[in-house]
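Below you'll find the structure, written out as structure tokens, and then a few comments.
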Amino acid sequence: LLQQTRPLVEYFRTQMRKDPDMASAVAAIRTLREFLKRDKGETILGLRESLTWATDCLTGVDSSVAVSSGGELFLRFISLTSLEHQDLSRCKKVMEERGELFLEKISMSRAKVAKLCHTFIKDGAKILTHSYSRVVLRVLEKAAAEKKRFSVYVTESQPDAAGRQMAEALGKLNVPVTVVLDAAVGYVLEKVDLVIVGAEGVVESGGIINKIGTYQMALCSKAHNKPFYVVAESFKFVRLYPLNQQDVPDKFKYKADTLKTVQNLSDEHPMIDYTPPSLITLLFTDLGVLTPSAVSDELIKLYL
Amino acid sequence: MNEEELVEYFRTQMRKDPDMASAVAAIRTLREFLKRDKGETILGLRESLTWATDCLTGVDSSVAVSSGGELFLRFISLTSLEHQVTDARHIVSGLHTGTDNSGLQRLWCTLAAGLISCCLSQDLSRCKKVMEERGELFLEKISMSRAKVAKLCHTFIKDGAKILTHSYSRVVLRVLEKAAAEKKRFSVYVTESQPDAAGRQMAEALGKLNVPVTVVLDAAVGYVLEKVDLVIVGAEGVVESGGIINKIGTYQMALCSKAHNKPFYVVAESFKFVRLYPLNQQDVPDKFKYKADTLKTVQNLSDEHPMIDYTPPSLITLLFTDLGVLTPSAVSDELIKLYL
């Protein structure tokens, strides 16, 4: 049964292992769908509470913003229907069907984003990107498939050197790639034409939460007048409105294990930072190409 | 003194006092070279000193070694014009074969005029003696430069300040030592500064002063800037425009500080002033961008991480030097005074 923490976490981890290319939020949503199927609750309210509890468990495994927002959006989507049936099992059936629909929609989101974004990459472009993002990788794959010639600079992105993983993946696509130091972003920006980054979460203001180093990359791009594009699926839209770096909740800033074990968080390197909307040119999502100001409208539509 | 002895002496100087700037070690080596030089002409002496400076740049490719060597040469040659300057100039133009670039030729003429005019009726050994004395004077001046900078800068650090600095800089360390000695309480954020993690060395040194210090990732500069009050960095070289050449990551730190409206201070001794005018990152010569060993061994430099970047003067608030507290626009004036 998935009603206990351990089987739930185990199922989540298995989903992640089976398809390493899948977003962690999608794995979380699959886990929640399975949880829903096996739930033996008697009331709708009880069901909703259990789903919230399950989402919190999963956030304890993978503390990225997307897992939290994905879980919440799943819950809202499946409840966004007439649940006036007398019989609980019929209500549950309706919810399960909607859950399947939701999963189907989001599994196509990366392809939609890639389709929208690759046209912005011109032939001969030099692109700068940050750390390892599967969405950006997908976009670049599509551009390469369209026979465009471009070269990529990737930041090494300490402390986990995720940029090297990105460089390897790009190397397999036969794209000329150079790994640069995090400190070399300002140095390299005069040479590049555009900057594309992924996002771990998109906030209400239209800003993004992403791997540490994104904020200064956005600042420098603004100073050099280079377009700063963000690619994100819609399940990453989250109900937060940070005004500065401190406003982002600690539970997102550090890895899940760090949060559990470490006493004094101020000694830890934060893993993410917040990029305000004024520095972002465009956001490419499966809901369309949005300016940062349009994000709040789309967010409201999603969450209502 | 041949190349090997020169390099060995330089390395010994660096080892004896690890706290000394590499440019000062280079200048001491040049002074020793001057003492032992057996040349017969002033021009030959000058050429040997230039050759020696190039050798030392081959060991340590930082901008300061190159600028320090050039300033040493100019300072020792800069004596009062007691005899006819025009005669001297004619002589020099005839002597000089013009194998170097034309800018240097013009400068050499000016200096040679000063030197040769005083030596016209004296013999070579007396000229050399004068040069050696001036060399000692120069060394004495620059050995006090860090203390002067620290004295000027520490007053800008207020009690309770949070300071951000980049990588390992002995001048910044000196400034912070002085501020700590003045019983000021402040805390420091240091960037780790890859690829050599020099920031950790800085953090250790600051820890010994009992200053609360936090090492942050290079990527976390934008994140941490809202918390800090001011930014202080050292410089490997100060260029004509008033901008600086420093460890990679300084440029984006300056950009972010400007965006957050935090003062960006640079501390540098005057022997780091160099006759370059880069307009962007590409203009900085490759010989400064990479470590000396990398330049000798690697074929394709574009695969190497550059070690330095250029920060334009528009992003710098003030420069603290032993010549005083300067705005970036005042730097070119001071530079001209130094080099003439």
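Chain identifiers are assigned as A, B, and so on, following the order in which chains appear in the structure tokens; residues are numbered from 1 within each chain, and ligands are numbered from 1 in order of appearance.
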Name the residues in contact with Asn261 of chain B at a cut-off of 10 Å, using only C-alpha atoms, excluding same-chain residues fewer than 5 positions from it; report them as a short mmCIF file (atom, residue, chain, number, x, y, z; two decimals) with C-alpha atoms, in the first residue's frame.
```
data_model
loop_
_atom_site.label_atom_id
_atom_site.label_comp_id
_atom_site.auth_asym_id
_atom_site.auth_seq_id
_atom_site.Cartn_x
_atom_site.Cartn_y
_atom_site.Cartn_z
CA LEU B 225 24.61 41.19 -2.67
CA GLU B 226 21.39 42.31 -1.06
CA ASP B 229 27.00 47.00 2.44
CA LEU B 230 30.09 47.38 0.30
CA LEU B 255 27.93 44.63 -12.67
CA CYS B 256 25.76 43.19 -9.93
#
```
Residues of chain B within 6 Å of chain A, counting only C-alpha atoms, as a PDB file with C-alpha atoms, in the first residue's frame:
```pdb
ATOM      1  CA  ASP B 218      30.955  32.316  -7.461  1.00  0.00           C
ATOM      2  CA  ALA B 219      27.400  31.758  -8.654  1.00  0.00           C
ATOM      3  CA  ALA B 220      25.987  33.175  -5.414  1.00  0.00           C
ATOM      4  CA  GLY B 222      23.932  38.108  -7.013  1.00  0.00           C
ATOM      5  CA  ILE B 248      37.843  36.218 -13.283  1.00  0.00           C
ATOM      6  CA  GLY B 249      34.478  36.964 -11.696  1.00  0.00           C
ATOM      7  CA  GLN B 252      30.159  40.308 -12.934  1.00  0.00           C
TER       8      GLN B 252
END
```
When DSSP works through the backbone of this structure, what residues of segment 12-172 of chain A end up as strand (DSSP E), shown as a PyMOL selection string?
chain A and resi 125-130+150-155
How would the residues just chosen look if you wrote them out with all heavy atoms as a tab-separated table (two decimals), in the first residue's frame?
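After the write, again.tsv holds the following:
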```
chain	number	residue	atom	x	y	z
A	125	ALA	N	23.91	31.06	-34.28
A	125	ALA	CA	23.78	31.71	-32.98
A	125	ALA	C	24.75	31.12	-31.96
A	125	ALA	O	25.12	29.96	-32.04
A	125	ALA	CB	22.35	31.55	-32.47
A	126	LYS	N	25.15	31.96	-31.00
A	126	LYS	CA	25.92	31.47	-29.86
A	126	LYS	C	25.03	31.59	-28.64
A	126	LYS	O	24.53	32.68	-28.35
A	126	LYS	CB	27.19	32.30	-29.66
A	126	LYS	CG	28.18	32.15	-30.81
A	126	LYS	CD	29.53	32.69	-30.40
A	126	LYS	CE	30.48	32.78	-31.57
A	126	LYS	NZ	30.09	33.79	-32.57
A	127	ILE	N	24.81	30.49	-27.98
A	127	ILE	CA	23.85	30.45	-26.88
A	127	ILE	C	24.58	30.24	-25.56
A	127	ILE	O	25.53	29.47	-25.49
A	127	ILE	CB	22.86	29.29	-27.10
A	127	ILE	CG1	22.16	29.47	-28.44
A	127	ILE	CG2	21.83	29.23	-25.98
A	127	ILE	CD1	21.38	28.27	-28.86
A	128	LEU	N	24.11	30.92	-24.52
A	128	LEU	CA	24.64	30.69	-23.18
A	128	LEU	C	23.54	30.06	-22.35
A	128	LEU	O	22.40	30.51	-22.40
A	128	LEU	CB	25.07	32.03	-22.55
A	128	LEU	CG	25.50	32.00	-21.08
A	128	LEU	CD1	26.76	31.16	-20.90
A	128	LEU	CD2	25.78	33.41	-20.58
A	129	THR	N	23.88	29.02	-21.62
A	129	THR	CA	22.88	28.42	-20.75
A	129	THR	C	23.50	28.09	-19.40
A	129	THR	O	24.72	28.16	-19.24
A	129	THR	CB	22.24	27.17	-21.39
A	129	THR	OG1	21.20	26.71	-20.56
A	129	THR	CG2	23.25	26.07	-21.58
A	130	HIS	N	22.65	27.77	-18.45
A	130	HIS	CA	23.14	27.60	-17.08
A	130	HIS	C	22.81	26.22	-16.57
A	130	HIS	O	21.65	25.80	-16.62
A	130	HIS	CB	22.47	28.65	-16.19
A	130	HIS	CG	22.99	28.66	-14.79
A	130	HIS	ND1	24.31	28.87	-14.49
A	130	HIS	CD2	22.37	28.50	-13.61
A	130	HIS	CE1	24.47	28.83	-13.18
A	130	HIS	NE2	23.31	28.61	-12.61
A	150	PHE	N	24.59	26.05	-34.38
A	150	PHE	CA	24.76	26.99	-33.27
A	150	PHE	C	25.80	26.39	-32.33
A	150	PHE	O	26.09	25.20	-32.38
A	150	PHE	CB	23.43	27.22	-32.54
A	150	PHE	CG	22.77	25.97	-32.05
A	150	PHE	CD1	23.05	25.46	-30.80
A	150	PHE	CD2	21.86	25.28	-32.86
A	150	PHE	CE1	22.43	24.30	-30.35
A	150	PHE	CE2	21.25	24.13	-32.42
A	150	PHE	CZ	21.53	23.64	-31.16
A	151	SER	N	26.35	27.23	-31.47
A	151	SER	CA	27.29	26.72	-30.48
A	151	SER	C	26.81	27.16	-29.11
A	151	SER	O	26.09	28.15	-28.97
A	151	SER	CB	28.71	27.22	-30.75
A	151	SER	OG	28.74	28.61	-30.71
A	152	VAL	N	27.21	26.42	-28.09
A	152	VAL	CA	26.66	26.63	-26.75
A	152	VAL	C	27.78	26.83	-25.74
A	152	VAL	O	28.81	26.16	-25.78
A	152	VAL	CB	25.81	25.41	-26.33
A	152	VAL	CG1	25.24	25.62	-24.94
A	152	VAL	CG2	24.68	25.19	-27.33
A	153	TYR	N	27.59	27.80	-24.84
A	153	TYR	CA	28.45	27.95	-23.67
A	153	TYR	C	27.61	27.50	-22.47
A	153	TYR	O	26.49	27.99	-22.29
A	153	TYR	CB	28.86	29.41	-23.47
A	153	TYR	CG	29.76	29.94	-24.55
A	153	TYR	CD1	29.24	30.55	-25.69
A	153	TYR	CD2	31.15	29.85	-24.45
A	153	TYR	CE1	30.07	31.05	-26.68
A	153	TYR	CE2	31.98	30.34	-25.44
A	153	TYR	CZ	31.43	30.94	-26.55
A	153	TYR	OH	32.24	31.43	-27.54
A	154	VAL	N	28.14	26.63	-21.66
A	154	VAL	CA	27.42	26.16	-20.47
A	154	VAL	C	28.22	26.51	-19.23
A	154	VAL	O	29.44	26.32	-19.22
A	154	VAL	CB	27.24	24.62	-20.50
A	154	VAL	CG1	26.61	24.13	-19.23
A	154	VAL	CG2	26.41	24.22	-21.68
A	155	THR	N	27.57	27.03	-18.21
A	155	THR	CA	28.31	27.28	-16.98
A	155	THR	C	28.48	25.98	-16.23
A	155	THR	O	27.61	25.12	-16.24
A	155	THR	CB	27.57	28.26	-16.06
A	155	THR	OG1	26.25	27.76	-15.86
A	155	THR	CG2	27.51	29.64	-16.66
```
Near Glu34 of chain A, within 12 Å and counting only C-alpha atoms, which residues show up once chain neighbours fewer than 3 positions away are dropped, as a ChimeraX atom specification?
/A:1-3,7-8,11-12,15,27-31,37-39,51,54,95-96,99-100,103
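With atom CA of Lys38 of chain B on one side and atom CA of Ile142 of chain B on the other, the separation reads 26.7 Å.
Distance annotation: of A:Ser205, A:Ser64, A:Gln4, A:Ser131, the residue with the minimal separation from Pro276 of chain A is A:Ser205; atom set is only C-alpha atoms.
Proximity of A:Ile208, A:Ala256, A:Leu279, A:Ala25 to Ser221 of chain A, computed with only C-alpha atoms, is greatest for A:Leu279.
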Report as a compact mmCIF listing (two decimals) with N, CA and C atoms, in the first residue's frame all protein, DNA and RNA residues lying within 9 Å of Glu132 of chain B, evaluated on only C-alpha atoms, omitting residues in the same chain fewer than 3 positions from it.
```txt
# COMPACT_ATOMS: atom_id res chain seq x y z
N ARG B 31 66.69 44.80 -9.46
CA ARG B 31 67.72 45.61 -8.82
C ARG B 31 69.01 44.83 -8.69
N LEU B 34 70.61 44.61 -11.99
CA LEU B 34 71.28 45.87 -12.30
C LEU B 34 72.66 45.92 -11.65
N LYS B 35 72.72 45.48 -10.38
CA LYS B 35 74.00 45.51 -9.65
C LYS B 35 75.05 44.66 -10.36
N ILE B 76 64.30 54.60 -12.47
CA ILE B 76 65.74 54.73 -12.28
C ILE B 76 66.37 55.62 -13.35
N CYS B 127 76.95 56.63 -13.55
CA CYS B 127 75.54 56.54 -13.99
C CYS B 127 74.87 55.35 -13.32
N LYS B 128 75.58 54.24 -13.36
CA LYS B 128 75.01 53.03 -12.77
C LYS B 128 74.76 53.22 -11.29
N LYS B 129 75.69 53.91 -10.62
CA LYS B 129 75.54 54.13 -9.20
C LYS B 129 74.27 54.94 -8.91
N GLY B 135 67.03 52.97 -7.69
CA GLY B 135 66.35 51.68 -7.57
C GLY B 135 66.00 51.38 -6.12
N GLU B 136 66.97 51.65 -5.21
CA GLU B 136 66.72 51.44 -3.77
C GLU B 136 65.58 52.33 -3.29
N LEU B 137 65.61 53.59 -3.76
CA LEU B 137 64.57 54.54 -3.37
C LEU B 137 63.20 54.05 -3.81
```
